[in-house]
Amino acid sequence: MKKVLFVSLLFIFLLVENSFAMLMSTSDLWDVSNGITIIGHSALADGPGIYWDSYADNMFGATHEGTIEPPNTIFADNPASGFTHWVEWQTPTPIVLTSFNLVAAHDGGNVGYTHRGFSEFRLYGSTDGSTWDNIYTYVTENPYGGGENYTHSNQLELYVDLASPVTAQYFKAEFDQAGVGAYSGPRIMELDGYGTSVPIPGALWLLGSGLLGLVVVRKRRQDR
Ligand SMILES: [Ca+2]
Ligand SMILES: [Ca+2]
């Protein structure tokens with residue numbers, strides 16, 4: 001028994017140690033499938049007649065068919081170099097964030113990361129949506145690319161296990177544009193958040209009364 005425990009502990013340890021690379025998820029806590037709301041974002045490469053027509057929720061599991069890159073968020077082209085593109089979102093209830101995974105891609109090849117790349121990524125969290133704490137800052141290499149799951153030389157794959165979990169309901173991601181001109185808006189494929197949901201008291205009460213209801217129903221059935 002002890003041996004089994006040791007082996008499984010070792011396995012879990014190895015798993016954690018090696019989990020720097022993650023596949024994009026459609027069931028993480030920041031996914032639209034889990035009811036997140038986009039609060040705001042900087043300009044996107046979108047709008048009537050604009051070729052890319054992109055959406056902020058594409059980086060949170062959404063896909064918009066009929067657009068040029070249905071699953072990717074493409075930020076606006078042509079701001080000055082170093083311009084900070086951003087997106088803010090909120091989860092239905094507060095979460096304890098323990099790790100996150102970012103997958104992005106610049107245009108690669110001989111144009112490097114100045115096309116659709118970014119020089120720095122910053123992640124913030126907030127409990128009230130107004131006071132922000134920096135959770136993580138990542139300065140990219142020039143050019144960056146080549147992860148474990150997304151191996152192309154233009155693909156960035158950043159999995160981070162946070163040293164201390166962060167409790168928050170509001171989040172903000174910032175991407176500093178690497179290049180300038182046409183095709184300069186960063187391309188974000190997916191940003192996934194992992195951890196646990198913190199149930200709100202109302203939800204706890206509902207869960208409690210639901211369980212109580214089940215007990216009453218079962219008791220009545222037994223009494224028949
Ligand atoms: Ca996702
Ligand atoms: Ca996506």
# chains A, B, ... in the order shown; residues from 1 in each chain; ligands from 1
>>> residues_around(residues="Trp86 (chain A)", least_positions_apart="3", cutoff="9 Å", atoms="only C-alpha atoms", output="PDB file with N, CA and C atoms, in the first residue's frame")
ATOM      1  N   GLY A  40     -14.137  44.131 -21.381  1.00  0.00           N
ATOM      2  CA  GLY A  40     -13.678  45.132 -22.338  1.00  0.00           C
ATOM      3  C   GLY A  40     -12.398  44.679 -22.997  1.00  0.00           C
ATOM      4  N   HIS A  41     -12.003  45.396 -24.037  1.00  0.00           N
ATOM      5  CA  HIS A  41     -10.764  45.059 -24.735  1.00  0.00           C
ATOM      6  C   HIS A  41     -10.338  46.234 -25.591  1.00  0.00           C
ATOM      7  N   SER A  42      -9.061  46.281 -25.921  1.00  0.00           N
ATOM      8  CA  SER A  42      -8.582  47.296 -26.857  1.00  0.00           C
ATOM      9  C   SER A  42      -9.055  46.896 -28.257  1.00  0.00           C
ATOM     10  N   ALA A  43      -8.826  47.760 -29.211  1.00  0.00           N
ATOM     11  CA  ALA A  43      -9.349  47.541 -30.562  1.00  0.00           C
ATOM     12  C   ALA A  43      -8.851  46.226 -31.167  1.00  0.00           C
ATOM     13  N   PHE A  75      -5.469  41.268 -32.536  1.00  0.00           N
ATOM     14  CA  PHE A  75      -5.631  42.663 -32.124  1.00  0.00           C
ATOM     15  C   PHE A  75      -5.392  43.602 -33.309  1.00  0.00           C
ATOM     16  N   LYS A 172      -7.122  40.584 -16.251  1.00  0.00           N
ATOM     17  CA  LYS A 172      -6.731  41.442 -17.371  1.00  0.00           C
ATOM     18  C   LYS A 172      -5.427  40.912 -17.954  1.00  0.00           C
ATOM     19  N   ALA A 173      -5.378  40.810 -19.266  1.00  0.00           N
ATOM     20  CA  ALA A 173      -4.144  40.399 -19.949  1.00  0.00           C
ATOM     21  C   ALA A 173      -3.699  41.548 -20.839  1.00  0.00           C
ATOM     22  N   GLU A 174      -2.412  41.843 -20.812  1.00  0.00           N
ATOM     23  CA  GLU A 174      -1.855  42.905 -21.655  1.00  0.00           C
ATOM     24  C   GLU A 174      -0.752  42.330 -22.542  1.00  0.00           C
ATOM     25  N   PHE A 175      -0.731  42.778 -23.781  1.00  0.00           N
ATOM     26  CA  PHE A 175       0.267  42.317 -24.752  1.00  0.00           C
ATOM     27  C   PHE A 175       0.901  43.548 -25.401  1.00  0.00           C
ATOM     28  N   ASP A 176       2.195  43.730 -25.203  1.00  0.00           N
ATOM     29  CA  ASP A 176       2.885  44.861 -25.822  1.00  0.00           C
ATOM     30  C   ASP A 176       3.293  44.485 -27.242  1.00  0.00           C
TER      31      ASP A 176
END
>>> closest_atom_pairs(of="chain A", to="ligand 1", cutoff="12 Å", atoms="only C-alpha atoms and all ligand atoms", output="Markdown table")
| residue | atom | partner | partner_atom_place_in_ligand_line | distance |
| --- | --- | --- | --- | --- |
| A:Met22 | CA | ligand 1 | 1 (Ca) | 11.2 |
| A:Leu23 | CA | ligand 1 | 1 (Ca) | 9.6 |
| A:Met24 | CA | ligand 1 | 1 (Ca) | 6.2 |
| A:Ser25 | CA | ligand 1 | 1 (Ca) | 4.4 |
| A:Thr26 | CA | ligand 1 | 1 (Ca) | 4.2 |
| A:Ser27 | CA | ligand 1 | 1 (Ca) | 6.1 |
| A:Asp28 | CA | ligand 1 | 1 (Ca) | 5.4 |
| A:Leu29 | CA | ligand 1 | 1 (Ca) | 7.6 |
| A:Trp30 | CA | ligand 1 | 1 (Ca) | 6.1 |
| A:Asp31 | CA | ligand 1 | 1 (Ca) | 4.3 |
| A:Val32 | CA | ligand 1 | 1 (Ca) | 7.3 |
| A:Ser33 | CA | ligand 1 | 1 (Ca) | 8.2 |
| A:Asn34 | CA | ligand 1 | 1 (Ca) | 9.2 |
| A:Gly35 | CA | ligand 1 | 1 (Ca) | 11.3 |
| A:Ile36 | CA | ligand 1 | 1 (Ca) | 10.5 |
| A:Asp57 | CA | ligand 1 | 1 (Ca) | 9.5 |
| A:Asn58 | CA | ligand 1 | 1 (Ca) | 8.9 |
| A:Met59 | CA | ligand 1 | 1 (Ca) | 6.9 |
| A:Phe60 | CA | ligand 1 | 1 (Ca) | 4.6 |
| A:Gly61 | CA | ligand 1 | 1 (Ca) | 4.3 |
| A:Ala62 | CA | ligand 1 | 1 (Ca) | 8.1 |
| A:Thr63 | CA | ligand 1 | 1 (Ca) | 10.9 |
| A:Pro71 | CA | ligand 1 | 1 (Ca) | 10.4 |
| A:Asn72 | CA | ligand 1 | 1 (Ca) | 11.3 |
| A:Phe100 | CA | ligand 1 | 1 (Ca) | 10.0 |
| A:Asn101 | CA | ligand 1 | 1 (Ca) | 8.9 |
| A:Leu102 | CA | ligand 1 | 1 (Ca) | 9.5 |
| A:Val103 | CA | ligand 1 | 1 (Ca) | 10.2 |
| A:Ile188 | CA | ligand 1 | 1 (Ca) | 11.6 |
| A:Met189 | CA | ligand 1 | 1 (Ca) | 9.4 |
| A:Glu190 | CA | ligand 1 | 1 (Ca) | 6.0 |
| A:Leu191 | CA | ligand 1 | 1 (Ca) | 6.0 |
| A:Asp192 | CA | ligand 1 | 1 (Ca) | 4.6 |
| A:Gly193 | CA | ligand 1 | 1 (Ca) | 7.4 |
| A:Tyr194 | CA | ligand 1 | 1 (Ca) | 9.7 |
>>> write_last_selection(atoms="C-alpha atoms", output="PDB file, in the first residue's frame")
ATOM      1  CA  MET A  22      -0.298  22.257 -22.118  1.00  0.00           C
ATOM      2  CA  LEU A  23      -2.733  21.727 -24.942  1.00  0.00           C
ATOM      3  CA  MET A  24      -5.324  24.438 -25.470  1.00  0.00           C
ATOM      4  CA  SER A  25      -8.434  23.683 -23.436  1.00  0.00           C
ATOM      5  CA  THR A  26     -12.148  24.328 -23.936  1.00  0.00           C
ATOM      6  CA  SER A  27     -13.061  23.368 -20.367  1.00  0.00           C
ATOM      7  CA  ASP A  28     -10.748  25.594 -18.287  1.00  0.00           C
ATOM      8  CA  LEU A  29     -12.065  28.191 -15.823  1.00  0.00           C
ATOM      9  CA  TRP A  30     -11.478  31.080 -18.245  1.00  0.00           C
ATOM     10  CA  ASP A  31     -13.341  29.414 -21.097  1.00  0.00           C
ATOM     11  CA  VAL A  32     -16.582  30.836 -22.505  1.00  0.00           C
ATOM     12  CA  SER A  33     -18.041  27.353 -21.956  1.00  0.00           C
ATOM     13  CA  ASN A  34     -17.733  28.086 -18.223  1.00  0.00           C
ATOM     14  CA  GLY A  35     -19.663  31.343 -18.469  1.00  0.00           C
ATOM     15  CA  ILE A  36     -16.967  34.013 -18.420  1.00  0.00           C
ATOM     16  CA  ASP A  57     -13.546  35.707 -26.910  1.00  0.00           C
ATOM     17  CA  ASN A  58     -11.659  33.685 -29.530  1.00  0.00           C
ATOM     18  CA  MET A  59      -8.806  33.428 -27.019  1.00  0.00           C
ATOM     19  CA  PHE A  60     -11.242  31.994 -24.436  1.00  0.00           C
ATOM     20  CA  GLY A  61     -12.565  29.013 -26.346  1.00  0.00           C
ATOM     21  CA  ALA A  62     -14.994  30.747 -28.725  1.00  0.00           C
ATOM     22  CA  THR A  63     -14.913  30.334 -32.485  1.00  0.00           C
ATOM     23  CA  PRO A  71     -10.384  30.462 -33.117  1.00  0.00           C
ATOM     24  CA  ASN A  72      -7.759  33.234 -32.737  1.00  0.00           C
ATOM     25  CA  PHE A 100      -2.492  29.330 -16.671  1.00  0.00           C
ATOM     26  CA  ASN A 101      -1.533  28.453 -20.231  1.00  0.00           C
ATOM     27  CA  LEU A 102      -0.968  30.905 -23.075  1.00  0.00           C
ATOM     28  CA  VAL A 103      -0.692  29.874 -26.726  1.00  0.00           C
ATOM     29  CA  ILE A 188      -3.486  35.112 -29.388  1.00  0.00           C
ATOM     30  CA  MET A 189      -4.678  31.566 -29.944  1.00  0.00           C
ATOM     31  CA  GLU A 190      -5.844  30.708 -26.417  1.00  0.00           C
ATOM     32  CA  LEU A 191      -5.447  31.756 -22.778  1.00  0.00           C
ATOM     33  CA  ASP A 192      -6.547  29.108 -20.300  1.00  0.00           C
ATOM     34  CA  GLY A 193      -6.868  29.420 -16.521  1.00  0.00           C
ATOM     35  CA  TYR A 194      -6.796  26.545 -14.051  1.00  0.00           C
TER      36      TYR A 194
END
>>> select_by_dssp(residues="region 37-198 of chain A", states="helix (DSSP H, G or I)", output="ChimeraX atom specification")
/A:56-60,109-111
>>> residues_around(residues="Gly129 (chain A)", least_positions_apart="2", cutoff="8 Å", atoms="only C-alpha atoms", output="tab-separated table (two decimals) with C-alpha atoms, in the first residue's frame")
chain	number	residue	atom	x	y	z
A	126	SER	CA	-8.64	41.69	-9.12
A	127	THR	CA	-11.35	40.86	-6.61
A	131	THR	CA	-7.73	47.36	-7.91
A	132	TRP	CA	-5.37	45.18	-9.91
A	169	GLN	CA	-12.91	37.18	-10.18
A	170	TYR	CA	-11.65	39.83	-12.61
A	171	PHE	CA	-8.66	39.35	-14.87
>>> residues_around(residues="Gly117 (chain A)", least_positions_apart="5", cutoff="7 Å", atoms="only C-alpha atoms", output="PDB file with N, CA and C atoms, in the first residue's frame")
ATOM      1  N   ALA A 105       0.793  32.957 -31.612  1.00  0.00           N
ATOM      2  CA  ALA A 105       1.630  32.717 -32.788  1.00  0.00           C
ATOM      3  C   ALA A 105       1.863  34.024 -33.542  1.00  0.00           C
ATOM      4  N   HIS A 106       3.118  34.333 -33.785  1.00  0.00           N
ATOM      5  CA  HIS A 106       3.410  35.455 -34.685  1.00  0.00           C
ATOM      6  C   HIS A 106       3.486  34.882 -36.108  1.00  0.00           C
ATOM      7  N   GLN A 177       2.761  45.233 -28.185  1.00  0.00           N
ATOM      8  CA  GLN A 177       3.022  44.959 -29.604  1.00  0.00           C
ATOM      9  C   GLN A 177       4.518  45.001 -29.924  1.00  0.00           C
ATOM     10  N   ALA A 178       4.985  43.996 -30.677  1.00  0.00           N
ATOM     11  CA  ALA A 178       6.420  43.913 -30.973  1.00  0.00           C
ATOM     12  C   ALA A 178       6.827  44.716 -32.210  1.00  0.00           C
ATOM     13  N   PRO A 186      -1.040  41.703 -32.274  1.00  0.00           N
ATOM     14  CA  PRO A 186      -0.708  40.345 -31.814  1.00  0.00           C
ATOM     15  C   PRO A 186      -1.831  39.331 -32.087  1.00  0.00           C
ATOM     16  N   ARG A 187      -1.409  38.101 -32.325  1.00  0.00           N
ATOM     17  CA  ARG A 187      -2.337  36.985 -32.519  1.00  0.00           C
ATOM     18  C   ARG A 187      -2.267  36.097 -31.279  1.00  0.00           C
TER      19      ARG A 187
END
>>> atom_distance(atom1="CA of Ser54 (chain A)", atom2="CA of Pro92 (chain A)")
24.0 Å
>>> residues_around(residues="region 154-168 of chain A", least_positions_apart="5", cutoff="8 Å", atoms="only C-alpha atoms", output="ChimeraX atom specification")
/A:19-22,94-109,112-113,125-127,135,143-149
>>> write_last_selection(atoms="N, CA and C atoms", output="compact mmCIF listing (two decimals), in the first residue's frame")
# COMPACT_ATOMS: atom_id res chain seq x y z
N SER A 19 4.82 19.58 -16.49
CA SER A 19 3.61 20.13 -17.10
C SER A 19 3.79 21.58 -17.53
N PHE A 20 4.95 21.91 -18.05
CA PHE A 20 5.17 23.28 -18.52
C PHE A 20 4.52 23.51 -19.87
N ALA A 21 4.07 22.43 -20.48
CA ALA A 21 3.45 22.57 -21.79
C ALA A 21 2.07 21.97 -21.75
N MET A 22 1.08 22.74 -22.18
CA MET A 22 -0.30 22.26 -22.12
C MET A 22 -0.99 22.47 -23.46
N PRO A 94 -15.79 34.01 -7.96
CA PRO A 94 -14.34 34.11 -7.77
C PRO A 94 -13.68 32.73 -7.94
N ILE A 95 -12.45 32.75 -8.40
CA ILE A 95 -11.71 31.49 -8.54
C ILE A 95 -10.37 31.60 -7.82
N VAL A 96 -9.84 30.45 -7.46
CA VAL A 96 -8.47 30.39 -6.96
C VAL A 96 -7.63 29.90 -8.13
N LEU A 97 -6.89 30.82 -8.72
CA LEU A 97 -6.09 30.51 -9.91
C LEU A 97 -4.77 29.89 -9.47
N THR A 98 -4.49 28.70 -9.99
CA THR A 98 -3.23 28.04 -9.62
C THR A 98 -2.26 27.97 -10.80
N SER A 99 -2.79 28.02 -12.02
CA SER A 99 -1.90 27.98 -13.19
C SER A 99 -2.64 28.55 -14.40
N PHE A 100 -1.87 28.88 -15.42
CA PHE A 100 -2.49 29.33 -16.67
C PHE A 100 -1.64 28.88 -17.84
N ASN A 101 -2.22 28.91 -19.02
CA ASN A 101 -1.53 28.45 -20.23
C ASN A 101 -1.85 29.42 -21.38
N LEU A 102 -0.80 29.96 -21.97
CA LEU A 102 -0.97 30.90 -23.08
C LEU A 102 -0.38 30.31 -24.35
N VAL A 103 -1.19 30.33 -25.43
CA VAL A 103 -0.69 29.87 -26.73
C VAL A 103 -0.92 31.02 -27.72
N ALA A 104 0.14 31.41 -28.40
CA ALA A 104 0.06 32.52 -29.35
C ALA A 104 0.94 32.19 -30.55
N ALA A 105 0.79 32.96 -31.61
CA ALA A 105 1.63 32.72 -32.79
C ALA A 105 1.86 34.02 -33.54
N HIS A 106 3.12 34.33 -33.79
CA HIS A 106 3.41 35.46 -34.68
C HIS A 106 3.49 34.88 -36.11
N ASP A 107 3.82 35.71 -37.07
CA ASP A 107 3.78 35.23 -38.46
C ASP A 107 5.00 34.41 -38.85
N GLY A 108 6.05 34.45 -38.05
CA GLY A 108 7.22 33.60 -38.29
C GLY A 108 7.94 33.92 -39.59
N GLY A 109 8.67 32.92 -40.05
CA GLY A 109 9.41 33.07 -41.31
C GLY A 109 10.38 34.23 -41.25
N GLY A 112 9.61 37.37 -38.81
CA GLY A 112 9.85 37.28 -37.37
C GLY A 112 8.66 37.69 -36.53
N TYR A 113 8.95 38.09 -35.30
CA TYR A 113 7.84 38.32 -34.36
C TYR A 113 7.28 39.74 -34.48
N GLY A 125 -4.88 40.30 -11.81
CA GLY A 125 -6.10 39.80 -11.18
C GLY A 125 -6.67 40.83 -10.24
N SER A 126 -7.99 40.74 -10.01
CA SER A 126 -8.64 41.69 -9.12
C SER A 126 -9.85 41.02 -8.48
N THR A 127 -10.16 41.41 -7.25
CA THR A 127 -11.35 40.86 -6.61
C THR A 127 -12.57 41.75 -6.87
N ILE A 135 -0.11 39.42 -11.62
CA ILE A 135 0.06 37.99 -11.32
C ILE A 135 1.33 37.45 -11.98
N PRO A 143 13.41 36.18 -32.10
CA PRO A 143 12.00 35.79 -32.18
C PRO A 143 11.71 34.67 -31.18
N TYR A 144 10.46 34.50 -30.82
CA TYR A 144 10.11 33.41 -29.92
C TYR A 144 9.42 32.30 -30.68
N GLY A 145 9.35 31.12 -30.06
CA GLY A 145 8.58 30.05 -30.66
C GLY A 145 9.11 28.66 -30.38
N GLY A 146 8.23 27.70 -30.59
CA GLY A 146 8.61 26.30 -30.42
C GLY A 146 8.41 25.78 -29.03
N GLY A 147 7.19 25.34 -28.71
CA GLY A 147 6.92 24.73 -27.41
C GLY A 147 6.87 23.23 -27.54
N GLU A 148 6.40 22.57 -26.50
CA GLU A 148 6.36 21.11 -26.51
C GLU A 148 5.18 20.59 -27.34
N ASN A 149 4.03 21.26 -27.20
CA ASN A 149 2.85 20.84 -27.94
C ASN A 149 2.66 21.63 -29.23
>>> decode(residues="region 43-77 of chain A", atoms="N, CA and C atoms", output="CSV table (one decimal), in the first residue's frame")
chain,number,residue,atom,x,y,z
A,43,ALA,N,-8.8,47.8,-29.2
A,43,ALA,CA,-9.3,47.5,-30.6
A,43,ALA,C,-8.9,46.2,-31.2
A,44,LEU,N,-9.7,45.6,-31.9
A,44,LEU,CA,-9.4,44.3,-32.6
A,44,LEU,C,-9.4,44.6,-34.1
A,45,ALA,N,-8.8,43.6,-34.8
A,45,ALA,CA,-8.8,43.7,-36.2
A,45,ALA,C,-10.2,43.2,-36.7
A,46,ASP,N,-11.1,44.1,-36.5
A,46,ASP,CA,-12.5,43.6,-36.8
A,46,ASP,C,-13.3,44.8,-37.5
A,47,GLY,N,-14.6,44.5,-37.6
A,47,GLY,CA,-15.5,45.5,-38.2
A,47,GLY,C,-15.8,45.2,-39.6
A,48,PRO,N,-16.9,45.8,-40.1
A,48,PRO,CA,-17.4,45.6,-41.4
A,48,PRO,C,-16.3,45.9,-42.5
A,49,GLY,N,-16.1,45.0,-43.3
A,49,GLY,CA,-15.2,45.3,-44.4
A,49,GLY,C,-13.7,45.1,-44.1
A,50,ILE,N,-13.4,44.9,-42.8
A,50,ILE,CA,-12.0,44.6,-42.4
A,50,ILE,C,-11.7,43.2,-42.5
A,51,TYR,N,-10.7,42.9,-43.2
A,51,TYR,CA,-10.4,41.5,-43.6
A,51,TYR,C,-10.4,40.5,-42.5
A,52,TRP,N,-9.7,40.8,-41.3
A,52,TRP,CA,-9.5,39.8,-40.3
A,52,TRP,C,-10.8,39.6,-39.5
A,53,ASP,N,-11.6,40.6,-39.2
A,53,ASP,CA,-12.8,40.4,-38.4
A,53,ASP,C,-12.7,39.5,-37.2
A,54,SER,N,-12.0,40.0,-36.2
A,54,SER,CA,-11.7,39.1,-35.0
A,54,SER,C,-12.5,39.4,-33.8
A,55,TYR,N,-12.5,38.6,-32.8
A,55,TYR,CA,-13.3,38.7,-31.6
A,55,TYR,C,-12.4,38.4,-30.4
A,56,ALA,N,-12.7,39.1,-29.3
A,56,ALA,CA,-11.9,39.0,-28.1
A,56,ALA,C,-12.1,37.6,-27.4
A,57,ASP,N,-13.3,37.0,-27.6
A,57,ASP,CA,-13.5,35.7,-26.9
A,57,ASP,C,-12.9,34.5,-27.7
A,58,ASN,N,-12.3,34.8,-28.8
A,58,ASN,CA,-11.7,33.7,-29.5
A,58,ASN,C,-10.5,33.1,-28.7
A,59,MET,N,-9.9,33.9,-27.8
A,59,MET,CA,-8.8,33.4,-27.0
A,59,MET,C,-9.3,32.7,-25.8
A,60,PHE,N,-10.7,32.7,-25.6
A,60,PHE,CA,-11.2,32.0,-24.4
A,60,PHE,C,-12.2,30.9,-24.9
A,61,GLY,N,-11.8,30.2,-25.9
A,61,GLY,CA,-12.6,29.0,-26.3
A,61,GLY,C,-13.7,29.2,-27.4
A,62,ALA,N,-13.9,30.5,-27.7
A,62,ALA,CA,-15.0,30.7,-28.7
A,62,ALA,C,-14.4,30.6,-30.1
A,63,THR,N,-15.3,30.3,-31.1
A,63,THR,CA,-14.9,30.3,-32.5
A,63,THR,C,-16.0,31.1,-33.2
A,64,HIS,N,-15.6,31.9,-34.2
A,64,HIS,CA,-16.6,32.7,-35.0
A,64,HIS,C,-16.4,32.2,-36.4
A,65,GLU,N,-17.2,31.3,-36.8
A,65,GLU,CA,-17.1,30.8,-38.2
A,65,GLU,C,-17.3,31.9,-39.2
A,66,GLY,N,-16.7,31.7,-40.3
A,66,GLY,CA,-16.9,32.7,-41.4
A,66,GLY,C,-15.9,33.8,-41.3
A,67,THR,N,-15.1,33.8,-40.2
A,67,THR,CA,-14.0,34.8,-40.1
A,67,THR,C,-12.7,34.2,-40.6
A,68,ILE,N,-11.7,35.0,-40.8
A,68,ILE,CA,-10.4,34.5,-41.4
A,68,ILE,C,-9.7,33.5,-40.4
A,69,GLU,N,-9.7,33.9,-39.1
A,69,GLU,CA,-9.1,32.9,-38.2
A,69,GLU,C,-10.1,32.7,-37.0
A,70,PRO,N,-11.0,31.8,-37.3
A,70,PRO,CA,-12.2,31.6,-36.3
A,70,PRO,C,-11.8,31.4,-34.8
A,71,PRO,N,-10.7,30.7,-34.5
A,71,PRO,CA,-10.4,30.5,-33.1
A,71,PRO,C,-9.4,31.4,-32.5
A,72,ASN,N,-8.8,32.4,-33.3
A,72,ASN,CA,-7.8,33.2,-32.7
A,72,ASN,C,-8.2,34.7,-32.6
A,73,THR,N,-7.7,35.3,-31.5
A,73,THR,CA,-8.0,36.8,-31.4
A,73,THR,C,-6.8,37.5,-32.0
A,74,ILE,N,-7.2,38.4,-33.0
A,74,ILE,CA,-6.2,39.2,-33.6
A,74,ILE,C,-6.4,40.7,-33.2
A,75,PHE,N,-5.5,41.3,-32.5
A,75,PHE,CA,-5.6,42.7,-32.1
A,75,PHE,C,-5.4,43.6,-33.3
A,76,ALA,N,-5.8,44.8,-33.1
A,76,ALA,CA,-5.8,45.8,-34.2
A,76,ALA,C,-4.4,46.1,-34.7
A,77,ASP,N,-4.3,46.3,-36.0
A,77,ASP,CA,-3.0,46.6,-36.7
A,77,ASP,C,-2.8,48.1,-36.6
